[in-house]
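What follows is entry32.cif (mmCIF, C-alpha atoms).
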data_final
#
loop_
_atom_site.label_atom_id
_atom_site.label_comp_id
_atom_site.auth_asym_id
_atom_site.auth_seq_id
_atom_site.Cartn_x
_atom_site.Cartn_y
_atom_site.Cartn_z
CA MET A 759 108.65 123.98 131.96
CA TYR A 760 105.70 122.12 130.61
CA ASP A 761 104.90 118.88 132.43
CA TRP A 762 104.21 116.35 129.71
CA ASN A 763 102.52 114.03 132.18
CA GLN A 764 99.95 116.57 133.26
CA PRO A 765 98.12 117.90 130.23
CA GLU A 766 96.01 120.96 130.94
CA PRO A 767 92.24 120.53 130.63
CA HIS A 768 92.02 122.40 127.30
CA ALA A 769 94.53 120.00 125.77
CA ARG A 770 92.35 116.99 126.32
CA VAL A 771 91.16 115.55 123.07
CA ARG A 772 87.54 114.55 122.97
CA VAL A 773 87.77 111.35 120.97
CA ARG A 774 89.68 109.28 123.51
CA ASN A 775 91.14 106.63 121.26
CA ARG A 776 92.65 109.24 118.96
CA ALA A 777 94.43 111.22 121.67
CA ASP A 778 97.98 110.88 122.79
CA TYR A 779 99.86 113.07 125.22
CA ASP A 780 103.18 111.31 124.97
CA HIS A 781 105.83 113.89 124.23
CA GLU A 782 107.82 111.62 121.93
CA THR A 783 104.79 111.26 119.68
CA ILE A 784 104.21 115.01 119.76
CA PHE A 785 107.88 115.80 119.08
CA SER A 786 108.03 113.38 116.14
CA ILE A 787 105.05 115.10 114.49
CA LEU A 788 106.58 118.54 115.10
CA ASP A 789 109.92 117.40 113.71
CA GLN A 790 108.42 115.90 110.53
CA GLY A 791 106.16 118.81 109.61
CA LEU A 792 107.36 121.64 107.38
CA VAL A 793 104.72 124.26 108.09
CA ALA A 794 102.69 124.97 111.23
CA HIS A 795 99.34 126.69 111.38
CA VAL A 796 99.61 129.30 114.11
CA GLY A 797 96.46 130.68 115.72
CA LEU A 798 96.32 134.03 117.48
CA ILE A 799 93.48 136.29 118.55
CA MET A 800 93.47 139.59 116.67
CA ASP A 801 90.68 142.17 117.02
CA GLN A 802 88.59 139.56 118.86
CA ARG A 803 88.92 137.16 115.93
CA PRO A 804 90.88 133.95 115.54
CA MET A 805 93.60 134.31 112.90
CA VAL A 806 95.29 131.20 111.47
CA ILE A 807 98.52 131.69 109.50
CA PRO A 808 100.92 129.15 107.98
CA MET A 809 104.42 129.65 109.36
CA ILE A 810 107.85 128.06 109.35
CA TYR A 811 108.69 126.90 112.86
CA ALA A 812 111.35 125.03 114.81
CA ARG A 813 111.67 123.12 118.03
CA ILE A 814 114.59 123.10 120.50
CA ASP A 815 113.77 120.66 123.30
CA ASP A 816 110.51 121.95 124.84
CA ASN A 817 110.73 125.32 123.08
CA LEU A 818 108.93 126.25 119.88
CA TYR A 819 109.98 129.20 117.76
CA ILE A 820 108.49 131.15 114.88
CA HIS A 821 110.04 134.08 113.08
CA GLY A 822 109.40 136.71 110.49
CA ALA A 823 110.41 140.08 109.15
CA LYS A 824 110.06 142.79 111.77
CA ALA A 825 107.62 144.48 109.38
CA THR A 826 105.15 141.62 109.84
CA ARG A 827 102.25 142.53 112.07
CA ILE A 828 102.49 139.71 114.60
CA ILE A 829 106.28 139.82 114.76
CA LYS A 830 106.55 143.62 115.07
CA LYS A 831 104.14 144.10 117.93
CA PRO A 832 103.58 140.74 119.59
CA ASP A 833 101.29 140.86 122.58
CA VAL A 834 103.55 139.48 125.28
CA ASP A 835 101.82 136.52 126.94
CA ALA A 836 99.10 136.47 124.29
CA PRO A 837 97.64 132.96 124.02
CA ALA A 838 98.64 131.15 120.86
CA CYS A 839 98.02 127.74 119.33
CA LEU A 840 100.47 126.01 117.02
CA THR A 841 99.16 123.02 115.08
CA VAL A 842 101.12 120.70 112.81
CA THR A 843 99.27 118.11 110.74
CA LEU A 844 100.67 115.24 108.68
CA VAL A 845 98.08 113.78 106.33
CA ASP A 846 98.66 110.07 105.63
CA ASP A 847 95.71 108.49 103.77
CA ILE A 848 92.28 109.12 102.36
CA VAL A 849 90.14 106.51 104.12
CA VAL A 850 87.57 105.14 101.68
CA ALA A 851 84.63 103.40 103.35
CA ARG A 852 81.49 101.66 102.09
CA SER A 853 79.30 104.48 103.42
CA ALA A 854 79.80 108.24 103.29
CA PHE A 855 79.44 108.33 107.07
CA HIS A 856 82.62 106.30 107.60
CA HIS A 857 84.82 108.10 105.08
CA SER A 858 87.72 109.72 106.89
CA MET A 859 91.38 110.69 106.71
CA ASN A 860 94.37 109.06 108.34
CA TYR A 861 96.52 111.75 109.89
CA ARG A 862 98.77 112.71 112.78
CA SER A 863 98.44 116.14 114.36
CA ALA A 864 100.05 117.95 117.26
CA VAL A 865 98.23 120.86 118.90
CA ILE A 866 100.34 123.05 121.16
CA HIS A 867 98.84 125.76 123.36
CA GLY A 868 101.04 128.38 124.87
CA ARG A 869 101.85 132.04 125.25
CA VAL A 870 103.91 134.30 123.04
CA ARG A 871 107.28 135.53 124.25
CA PRO A 872 109.48 137.81 122.12
CA VAL A 873 113.01 136.43 122.05
CA ASN A 874 115.36 139.27 122.92
CA SER A 875 118.47 137.53 124.25
CA ARG A 876 121.15 137.41 121.56
CA SER A 877 122.17 133.84 122.29
CA GLU A 878 118.64 132.41 122.41
CA LYS A 879 117.73 134.30 119.23
CA GLU A 880 120.78 132.91 117.43
CA GLN A 881 119.99 129.35 118.52
CA ALA A 882 116.39 129.80 117.38
CA LEU A 883 117.47 131.15 113.97
CA ILE A 884 119.82 128.20 113.52
CA ALA A 885 116.99 125.80 114.37
CA LEU A 886 114.56 127.60 112.04
CA THR A 887 117.04 127.44 109.15
CA ASN A 888 117.88 123.80 109.82
CA HIS A 889 114.29 122.61 110.39
CA ALA A 890 113.58 121.75 106.75
CA LEU A 891 117.25 121.19 105.84
CA PRO A 892 119.33 119.95 108.78
CA GLY A 893 122.87 121.34 108.58
CA ARG A 894 122.01 124.18 106.21
CA TRP A 895 123.03 126.94 108.66
CA ASP A 896 126.67 125.89 108.45
CA GLU A 897 126.67 125.93 104.64
CA VAL A 898 125.34 129.43 103.95
CA ARG A 899 126.92 132.87 104.07
CA SER A 900 126.90 133.90 107.76
CA MET A 901 124.07 136.08 109.03
CA ASN A 902 125.12 139.70 109.41
CA ASN A 903 124.03 142.13 112.12
CA LYS A 904 121.59 143.95 109.87
CA GLU A 905 119.78 140.72 109.05
CA PHE A 906 119.87 139.62 112.68
CA ARG A 907 118.22 142.87 113.77
CA ALA A 908 115.66 142.76 110.95
CA THR A 909 114.41 139.33 111.97
CA GLY A 910 111.96 138.97 114.84
CA VAL A 911 111.76 135.69 116.72
CA LEU A 912 108.93 134.63 118.98
CA ALA A 913 108.94 131.71 121.37
CA LEU A 914 105.80 129.82 122.29
CA GLU A 915 105.90 128.98 125.98
CA ILE A 916 104.18 125.61 126.00
CA GLU A 917 101.30 125.28 128.45
CA SER A 918 99.73 122.15 127.05
CA ALA A 919 100.17 119.82 124.15
CA SER A 920 98.33 116.92 122.61
CA ALA A 921 98.58 114.63 119.64
CA LYS A 922 95.69 113.14 117.74
CA SER A 923 95.83 110.59 114.98
CA ARG A 924 93.91 108.07 112.97
CA SER A 925 95.47 105.13 111.17
CA GLY A 926 94.43 101.85 109.64
CA PRO A 927 91.58 100.70 107.41
CA PRO A 928 88.04 102.07 107.28
CA ILE A 929 85.71 100.87 110.03
CA ASP A 930 82.40 100.10 108.35
CA ASP A 931 79.05 99.07 109.77
CA ASP A 932 78.82 95.28 110.15
CA ASP A 933 76.08 94.96 107.56
CA ASP A 934 78.02 96.96 104.99
CA TYR A 935 80.98 94.58 104.68
CA ALA A 936 78.87 92.26 102.52
CA LEU A 937 78.15 95.01 99.96
CA PRO A 938 80.01 94.83 96.63
CA LEU A 939 81.65 98.21 97.27
CA TRP A 940 85.35 99.01 97.25
CA ALA A 941 86.90 100.21 100.50
CA GLY A 942 90.44 100.83 101.62
CA ARG A 943 93.02 103.55 101.85
CA ILE A 944 94.73 105.84 99.35
CA PRO A 945 98.17 106.85 100.66
CA ILE A 946 99.03 110.54 100.37
CA GLN A 947 102.72 110.61 99.54
CA SER A 948 104.74 113.71 100.24
CA THR A 949 108.28 113.55 98.91
CA LEU A 950 110.97 115.97 97.82
CA GLY A 951 111.53 116.07 94.06
CA SER A 952 114.68 116.79 92.09
CA PRO A 953 116.22 120.12 93.09
CA ILE A 954 115.88 122.97 90.58
CA ALA A 955 119.08 125.01 90.57
CA ASP A 956 118.79 128.78 90.54
CA GLU A 957 119.47 130.09 87.02
CA MET A 958 121.97 132.51 88.52
CA LEU A 959 124.07 129.66 89.91
CA GLY A 960 127.74 129.80 88.92
CA ASP A 961 129.42 126.92 87.11
CA GLY A 962 130.68 123.98 89.11
CA VAL A 963 128.64 124.61 92.27
CA SER A 964 127.48 121.22 93.50
CA LEU A 965 124.44 120.23 95.53
CA PRO A 966 125.14 120.77 99.26
CA ASP A 967 125.05 117.94 101.80
CA SER A 968 121.93 119.32 103.51
CA VAL A 969 119.89 119.17 100.30
CA GLN A 970 121.21 115.71 99.35
CA ALA A 971 120.42 114.35 102.81
CA ALA A 972 116.91 115.83 102.86
CA ILE A 973 116.07 114.32 99.48
CA ALA A 974 117.49 110.93 100.44
CA GLY A 975 115.56 111.02 103.70
CA SER A 976 112.23 111.87 102.08
CA LYS A 977 112.04 108.80 99.85
CA MET B 179 76.98 137.41 100.18
CA TYR B 180 80.64 138.22 100.41
CA ASP B 181 81.79 140.89 97.94
CA TRP B 182 85.05 139.58 96.52
CA ASN B 183 85.99 143.03 95.29
CA GLN B 184 85.82 144.64 98.71
CA PRO B 185 88.03 142.73 101.11
CA GLU B 186 87.46 143.68 104.72
CA PRO B 187 90.35 145.43 106.47
CA HIS B 188 91.36 142.36 108.50
CA ALA B 189 91.76 140.36 105.29
CA ARG B 190 94.46 142.63 103.96
CA VAL B 191 97.76 140.87 103.78
CA ARG B 192 100.74 142.88 104.93
CA VAL B 193 103.31 141.86 102.33
CA ARG B 194 101.71 143.48 99.33
CA ASN B 195 103.30 141.49 96.54
CA ARG B 196 102.24 138.21 98.12
CA ALA B 197 98.56 139.10 98.50
CA ASP B 198 95.78 138.30 96.13
CA TYR B 199 92.06 138.84 96.69
CA ASP B 200 90.89 137.34 93.42
CA HIS B 201 88.24 134.76 94.18
CA GLU B 202 89.32 132.37 91.44
CA THR B 203 92.75 132.14 93.05
CA ILE B 204 91.20 131.62 96.47
CA PHE B 205 88.73 129.01 95.18
CA SER B 206 91.47 127.06 93.38
CA ILE B 207 93.49 126.79 96.62
CA LEU B 208 90.39 125.72 98.56
CA ASP B 209 89.53 123.14 95.91
CA GLN B 210 93.03 121.63 95.82
CA GLY B 211 93.55 121.33 99.58
CA LEU B 212 92.56 118.21 101.48
CA VAL B 213 92.58 119.52 105.04
CA ALA B 214 91.84 122.97 106.43
CA HIS B 215 93.12 124.40 109.69
CA VAL B 216 90.12 125.92 111.43
CA GLY B 217 90.63 128.52 114.14
CA LEU B 218 88.05 129.26 116.81
CA ILE B 219 88.20 131.07 120.14
CA MET B 220 87.56 128.73 123.08
CA ASP B 221 87.92 129.81 126.71
CA GLN B 222 89.64 133.03 125.53
CA ARG B 223 92.22 131.00 123.64
CA PRO B 224 92.76 130.44 119.94
CA MET B 225 92.22 126.78 119.00
CA VAL B 226 93.48 125.46 115.64
CA ILE B 227 92.16 122.08 114.48
CA PRO B 228 92.68 120.20 111.20
CA MET B 229 89.34 119.46 109.56
CA ILE B 230 87.89 118.08 106.35
CA TYR B 231 85.99 120.85 104.58
CA ALA B 232 84.09 121.54 101.36
CA ARG B 233 83.08 124.50 99.26
CA ILE B 234 79.80 125.07 97.40
CA ASP B 235 80.03 128.38 95.54
CA ASP B 236 80.69 131.00 98.24
CA ASN B 237 79.81 128.64 101.09
CA LEU B 238 82.29 126.69 103.17
CA TYR B 239 81.27 123.71 105.27
CA ILE B 240 82.85 121.63 108.00
CA HIS B 241 81.33 118.64 109.76
CA GLY B 242 81.85 116.19 112.56
CA ALA B 243 80.21 113.78 114.91
CA LYS B 244 77.62 115.50 117.09
CA ALA B 245 79.70 114.35 120.06
CA THR B 246 82.53 116.68 118.99
CA ARG B 247 82.72 119.78 121.13
CA ILE B 248 82.61 122.43 118.41
CA ILE B 249 79.96 120.58 116.40
CA LYS B 250 77.71 119.81 119.35
CA LYS B 251 77.49 123.28 120.81
CA PRO B 252 78.66 125.74 118.20
CA ASP B 253 78.46 129.37 119.21
CA VAL B 254 76.18 130.78 116.57
CA ASP B 255 77.92 133.73 114.90
CA ALA B 256 81.22 132.92 116.60
CA PRO B 257 84.10 134.28 114.54
CA ALA B 258 86.12 131.57 112.81
CA CYS B 259 89.09 131.42 110.48
CA LEU B 260 89.62 128.66 107.93
CA THR B 261 93.07 128.42 106.37
CA VAL B 262 94.18 126.08 103.59
CA THR B 263 97.88 125.91 102.67
CA LEU B 264 99.53 124.18 99.73
CA VAL B 265 103.29 123.89 100.17
CA ASP B 266 105.16 123.89 96.85
CA ASP B 267 108.93 124.20 97.35
CA ILE B 268 111.67 124.62 99.91
CA VAL B 269 113.45 127.78 98.74
CA VAL B 270 117.19 127.37 99.26
CA ALA B 271 119.11 130.67 99.27
CA ARG B 272 122.76 131.61 99.68
CA SER B 273 122.07 133.17 103.09
CA ALA B 274 119.87 131.92 105.95
CA PHE B 275 118.00 135.22 105.83
CA HIS B 276 116.62 134.53 102.34
CA HIS B 277 115.64 130.90 102.89
CA SER B 278 111.91 130.56 102.44
CA MET B 279 109.08 128.32 101.25
CA ASN B 280 107.02 128.54 98.10
CA TYR B 281 103.37 128.09 99.00
CA ARG B 282 99.82 129.12 98.27
CA SER B 283 97.43 129.80 101.13
CA ALA B 284 93.85 130.97 101.45
CA VAL B 285 92.68 132.58 104.69
CA ILE B 286 88.92 132.86 105.13
CA HIS B 287 87.34 134.81 107.97
CA GLY B 288 83.71 134.34 108.79
CA ARG B 289 81.11 133.37 111.34
CA VAL B 290 79.83 129.96 112.29
CA ARG B 291 76.28 128.99 111.34
CA PRO B 292 74.83 125.56 112.24
CA VAL B 293 73.23 124.03 109.16
CA ASN B 294 69.74 122.89 110.12
CA SER B 295 67.84 122.81 106.85
CA ARG B 296 67.61 119.26 105.54
CA SER B 297 68.33 120.18 101.94
CA GLU B 298 71.34 122.41 102.70
CA LYS B 299 72.73 119.80 105.08
CA GLU B 300 72.40 117.09 102.44
CA GLN B 301 74.13 119.22 99.81
CA ALA B 302 76.92 119.99 102.30
CA LEU B 303 77.38 116.29 103.16
CA ILE B 304 77.57 115.43 99.46
CA ALA B 305 80.20 118.13 98.94
CA LEU B 306 82.18 117.01 102.01
CA THR B 307 82.20 113.39 100.80
CA ASN B 308 83.12 114.38 97.26
CA HIS B 309 85.79 116.96 98.19
CA ALA B 310 88.71 114.49 98.22
CA LEU B 311 87.05 112.01 95.83
CA PRO B 312 84.68 113.68 93.37
CA GLY B 313 81.74 111.39 92.59
CA ARG B 314 82.18 109.20 95.66
CA TRP B 315 78.75 110.07 97.15
CA ASP B 316 76.97 108.29 94.29
CA GLU B 317 79.05 105.13 94.73
CA VAL B 318 78.55 104.42 98.44
CA ARG B 319 75.70 102.91 100.40
CA SER B 320 73.15 105.73 100.91
CA MET B 321 73.23 107.70 104.12
CA ASN B 322 70.48 106.64 106.51
CA ASN B 323 68.49 108.86 108.85
CA LYS B 324 70.42 107.81 111.92
CA GLU B 325 73.72 108.81 110.32
CA PHE B 326 72.22 112.02 108.98
CA ARG B 327 71.07 113.01 112.47
CA ALA B 328 74.37 111.99 114.08
CA THR B 329 76.37 114.29 111.82
CA GLY B 330 76.61 117.98 112.58
CA VAL B 331 77.36 120.41 109.77
CA LEU B 332 78.54 123.97 110.23
CA ALA B 333 78.70 126.63 107.55
CA LEU B 334 81.24 129.43 107.61
CA GLU B 335 79.56 132.63 106.50
CA ILE B 336 82.41 134.32 104.64
CA GLU B 337 83.15 137.88 105.70
CA SER B 338 86.54 138.26 104.12
CA ALA B 339 89.03 136.18 102.22
CA SER B 340 92.56 136.53 100.99
CA ALA B 341 95.19 134.47 99.27
CA LYS B 342 98.91 134.72 99.81
CA SER B 343 101.63 132.95 97.89
CA ARG B 344 105.30 132.85 97.05
CA SER B 345 106.74 131.25 93.93
CA GLY B 346 109.94 131.28 91.94
CA PRO B 347 113.64 131.12 92.80
CA PRO B 348 115.37 132.50 95.90
CA ILE B 349 116.01 136.23 95.90
CA ASP B 350 119.50 136.70 97.25
CA ASP B 351 121.48 139.82 98.08
CA ASP B 352 123.34 141.13 95.02
CA ASP B 353 126.76 140.46 96.53
CA ASP B 354 125.86 136.86 97.38
CA TYR B 355 125.27 135.67 93.81
CA ALA B 356 129.04 135.49 93.26
CA LEU B 357 129.52 133.09 96.21
CA PRO B 358 130.21 129.44 95.38
CA LEU B 359 127.07 128.35 97.21
CA TRP B 360 124.22 126.26 95.84
CA ALA B 361 120.79 127.88 95.67
CA GLY B 362 117.50 126.89 94.11
CA ARG B 363 114.28 125.14 94.94
CA ILE B 364 113.36 121.65 96.14
CA PRO B 365 109.84 120.76 94.95
CA ILE B 366 107.56 119.21 97.57
CA GLN B 367 105.54 116.63 95.69
CA SER B 368 102.23 115.47 97.07
CA THR B 369 100.69 112.61 95.14
CA LEU B 370 98.28 109.77 95.78
CA GLY B 371 99.92 106.36 95.92
CA SER B 372 98.55 102.94 95.00
CA PRO B 373 95.28 102.22 96.82
CA ILE B 374 95.45 99.64 99.61
CA ALA B 375 92.30 97.52 99.56
CA ASP B 376 90.58 96.75 102.85
CA GLU B 377 91.41 93.18 103.93
CA MET B 378 87.68 92.60 104.41
CA LEU B 379 86.98 93.36 100.76
CA GLY B 380 85.01 90.65 98.95
CA ASP B 381 86.35 88.96 95.82
CA GLY B 382 85.92 90.68 92.49
CA VAL B 383 85.21 94.18 93.79
CA SER B 384 87.04 96.58 91.50
CA LEU B 385 88.44 100.03 92.14
CA PRO B 386 85.66 102.65 91.81
CA ASP B 387 85.74 105.46 89.27
CA SER B 388 86.18 108.14 91.95
CA VAL B 389 89.38 106.55 93.27
CA GLN B 390 90.77 105.90 89.79
CA ALA B 391 90.09 109.49 88.73
CA ALA B 392 91.63 110.97 91.89
CA ILE B 393 94.82 108.95 91.44
CA ALA B 394 95.07 109.80 87.75
CA GLY B 395 94.51 113.48 88.55
CA SER B 396 97.17 113.62 91.25
CA LYS B 397 100.08 112.61 89.03
#

How does the structure come out when it is put into structure tokens?
Amino acid sequence: MYDWNQPEPHARVRVRNRADYDHETIFSILDQGLVAHVGLIMDQRPMVIPMIYARIDDNLYIHGAKATRIIKKPDVDAPACLTVTLVDDIVVARSAFHHSMNYRSAVIHGRVRPVNSRSEKEQALIALTNHALPGRWDEVRSMNNKEFRATGVLALEIESASAKSRSGPPIDDDDDYALPLWAGRIPIQSTLGSPIADEMLGDGVSLPDSVQAAIAGSK
Amino acid sequence: MYDWNQPEPHARVRVRNRADYDHETIFSILDQGLVAHVGLIMDQRPMVIPMIYARIDDNLYIHGAKATRIIKKPDVDAPACLTVTLVDDIVVARSAFHHSMNYRSAVIHGRVRPVNSRSEKEQALIALTNHALPGRWDEVRSMNNKEFRATGVLALEIESASAKSRSGPPIDDDDDYALPLWAGRIPIQSTLGSPIADEMLGDGVSLPDSVQAAIAGSK
């Protein structure tokens, strides 16, 4: 079990005032993100891939078709890094030097563990399906054995975790505040739009609760 | 110079119909993204960090304060991976197995090169400032020598690049189309909201062209 009060040295974030090891902060970023960027070492190179992910308590899961390279032959105990970033504002300053972004990011270091137990794999698949649309698992046609076998699930055993963020207005040099230059923030808004029904949808099929709730929650 | 027609083996994407090596596709993803996830190997571990980036022709640049670990002491020729992902839709299928995301991602592999030439560094800083807000460099107070020296710029010498995407409706199993279950897509809309002026802003300072154009272009 990862001790949230004792971050490992490689989790320490260099810019002190932007770092936060509090697990509630880290969990809230992980729970709000839709896609993680997962880093693995392959052929002595870093490889960064966008992936759907899910969290159950302290456990992080990713999944994919068994035909996928990293899912098919995961290196057990291979070090991995899972990063989730929420981008909040473009920070517009009076000098190029102080331009920035407001953001919240969680960086999780750990080791890869293939999930072989049937019960843990099922819980992980439920969490992965429900991550973007809570409650969706209970609405869909049940997963059959063929699909269950064809899906590989990996857990990331957390060894260290950190959050980093920036918020608020630009911080300009004292002398620059007097300049007649605009400065401020431009919010980056990410919302869910109106659902587009599949053309193959039968008559009279209404929007499920999970989709309605997700759209309502994103406004 | 990277030959866009000869992707290196490690750039090949496993799911054939989702892979695209065309450089116009790759450039358009890089030009639309705001934040890249940059992967490096540190202490035998993959490290994935969100970073502002910019492209000039075939060259990719990242930057940071010289106090930042990877900017201060970059391993020359260290392998790096820069990934930019645009998330388009949540794909809602009739079975959990076929749930997915529509997205476009560009994965660039290369090697780190510190940018020491004054002219290349200046061009890179202009591109980095203008990436989110084209034209902003010409509006701000000019960069002074102290700031120029305090900023480290790294180039990523591209060795291989690939794009991967999914679009369109869910693809369900034939038998599932007859089920009375909703399926379709939920668009993920990312737009720029109304600018929030810095409280320290003097009277009569109007919104600059770069900010107006970025907001108009994001609708």

Straight-line distance linking CA of Ile304 in chain B with CA of Ala854 in chain A, stated in Å to one decimal =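 Interatomic distance here is 8.4 Å.
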
key: Residues near range 949-962 of chain A, cut-off 9 Å, all atoms listed in the file, skip fewer than 6 positions along chain, as a list of chain:residue names   =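 What passes the distance filter is A:Val969, A:Ala972, A:Ile973, A:Ala974, A:Gly975, A:Ser976, A:Lys977, B:Asp267, B:Ile268, B:Val270, B:Ala271, B:Pro347, B:Pro348, B:Tyr355, B:Ala356, B:Leu357, B:Pro358, B:Leu359, B:Trp360, B:Ala361, B:Gly362, B:Arg363, B:Ile364, B:Pro365, B:Ile366, B:Gln367, B:Ser368, B:Thr369.
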
Output for the residues just chosen: C-alpha atoms as a PDB file, in the frame of the given file:
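As a result, result-v2.pdb now contains:
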ATOM      1  CA  VAL A 969     119.890 119.170 100.300  1.00  0.00           C
ATOM      2  CA  ALA A 972     116.910 115.830 102.860  1.00  0.00           C
ATOM      3  CA  ILE A 973     116.070 114.320  99.480  1.00  0.00           C
ATOM      4  CA  ALA A 974     117.490 110.930 100.440  1.00  0.00           C
ATOM      5  CA  GLY A 975     115.560 111.020 103.700  1.00  0.00           C
ATOM      6  CA  SER A 976     112.230 111.870 102.080  1.00  0.00           C
ATOM      7  CA  LYS A 977     112.040 108.800  99.850  1.00  0.00           C
TER       8      LYS A 977
ATOM      9  CA  ASP B 267     108.930 124.200  97.350  1.00  0.00           C
ATOM     10  CA  ILE B 268     111.670 124.620  99.910  1.00  0.00           C
ATOM     11  CA  VAL B 270     117.190 127.370  99.260  1.00  0.00           C
ATOM     12  CA  ALA B 271     119.110 130.670  99.270  1.00  0.00           C
ATOM     13  CA  PRO B 347     113.640 131.120  92.800  1.00  0.00           C
ATOM     14  CA  PRO B 348     115.370 132.500  95.900  1.00  0.00           C
ATOM     15  CA  TYR B 355     125.270 135.670  93.810  1.00  0.00           C
ATOM     16  CA  ALA B 356     129.040 135.490  93.260  1.00  0.00           C
ATOM     17  CA  LEU B 357     129.520 133.090  96.210  1.00  0.00           C
ATOM     18  CA  PRO B 358     130.210 129.440  95.380  1.00  0.00           C
ATOM     19  CA  LEU B 359     127.070 128.350  97.210  1.00  0.00           C
ATOM     20  CA  TRP B 360     124.220 126.260  95.840  1.00  0.00           C
ATOM     21  CA  ALA B 361     120.790 127.880  95.670  1.00  0.00           C
ATOM     22  CA  GLY B 362     117.500 126.890  94.110  1.00  0.00           C
ATOM     23  CA  ARG B 363     114.280 125.140  94.940  1.00  0.00           C
ATOM     24  CA  ILE B 364     113.360 121.650  96.140  1.00  0.00           C
ATOM     25  CA  PRO B 365     109.840 120.760  94.950  1.00  0.00           C
ATOM     26  CA  ILE B 366     107.560 119.210  97.570  1.00  0.00           C
ATOM     27  CA  GLN B 367     105.540 116.630  95.690  1.00  0.00           C
ATOM     28  CA  SER B 368     102.230 115.470  97.070  1.00  0.00           C
ATOM     29  CA  THR B 369     100.690 112.610  95.140  1.00  0.00           C
TER      30      THR B 369
END

message = I'd like to see the residues matched by the PyMOL selection byres ((chain A and resi 840) around 12) on this file, and ideally I'd get them as a ChimeraX atom specification.
response = /A:784,788,791,793-798,805-813,817-820,837-839,841-843,863-870,913-921 /B:215-217,223-228

task = Convert the output of the PyMOL selection byres ((chain A and resi 872) around 9) on the shown file into explicit residues, formatted as a ChimeraX atom specification.
result = /A:829,832-834,870-871,873-874,910-914

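The list of residues with at least one atom within 7 Å of Met321 in chain B, based on all atoms listed in the file and without residues fewer than 2 positions apart in the same chain, reads Ser853, Ala854 and Phe855 of chain A; Arg319, Asn323, Glu325 and Phe326 of chain B.
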
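Comparing the minimum interatomic distances between chain A and each of B:His201, B:Ser345, B:Asp352, B:Glu317, counting all atoms listed in the file, we find that B:Glu317 sits nearest.
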
task = Measure the distance from CA of Pro312 in chain B to CA of Leu385 in chain B in Å and round it to one decimal.
result =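 That distance, rounded to one decimal, is 14.2 Å.
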
task = Find, counting only C-alpha atoms, the residue in A:Gly926, A:Gly893, A:Gly822, A:Pro966 that gets nearest to His276 in chain B.
result = A:Gly822

My structure is short of atoms at range 218-230 of chain B; please model N, CA and C atoms there, returning them as a tab-separated table (two decimals), keeping the file's coordinate frame.
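Output file part29.tsv follows:
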chain	number	residue	atom	x	y	z
B	218	LEU	N	89.19	128.77	116.05
B	218	LEU	CA	88.05	129.26	116.81
B	218	LEU	C	88.59	129.79	118.14
B	219	ILE	N	87.80	130.61	118.80
B	219	ILE	CA	88.20	131.07	120.14
B	219	ILE	C	87.44	130.23	121.16
B	220	MET	N	88.18	129.56	122.04
B	220	MET	CA	87.56	128.73	123.08
B	220	MET	C	88.20	129.06	124.41
B	221	ASP	N	87.39	129.44	125.39
B	221	ASP	CA	87.92	129.81	126.71
B	221	ASP	C	89.00	130.89	126.56
B	222	GLN	N	88.71	131.89	125.75
B	222	GLN	CA	89.64	133.03	125.53
B	222	GLN	C	90.97	132.63	124.90
B	223	ARG	N	91.00	131.45	124.28
B	223	ARG	CA	92.22	131.00	123.64
B	223	ARG	C	91.94	130.68	122.18
B	224	PRO	N	92.94	130.90	121.31
B	224	PRO	CA	92.76	130.44	119.94
B	224	PRO	C	92.95	128.92	119.92
B	225	MET	N	92.14	128.24	119.13
B	225	MET	CA	92.22	126.78	119.00
B	225	MET	C	92.28	126.48	117.51
B	226	VAL	N	93.31	125.75	117.07
B	226	VAL	CA	93.48	125.46	115.64
B	226	VAL	C	93.40	123.95	115.44
B	227	ILE	N	92.41	123.51	114.67
B	227	ILE	CA	92.16	122.08	114.48
B	227	ILE	C	92.14	121.74	112.99
B	228	PRO	N	92.79	120.63	112.60
B	228	PRO	CA	92.68	120.20	111.20
B	228	PRO	C	91.31	119.59	110.96
B	229	MET	N	90.68	119.98	109.86
B	229	MET	CA	89.34	119.46	109.56
B	229	MET	C	89.17	119.24	108.05
B	230	ILE	N	88.36	118.24	107.73
B	230	ILE	CA	87.89	118.08	106.35
B	230	ILE	C	86.89	119.21	106.10
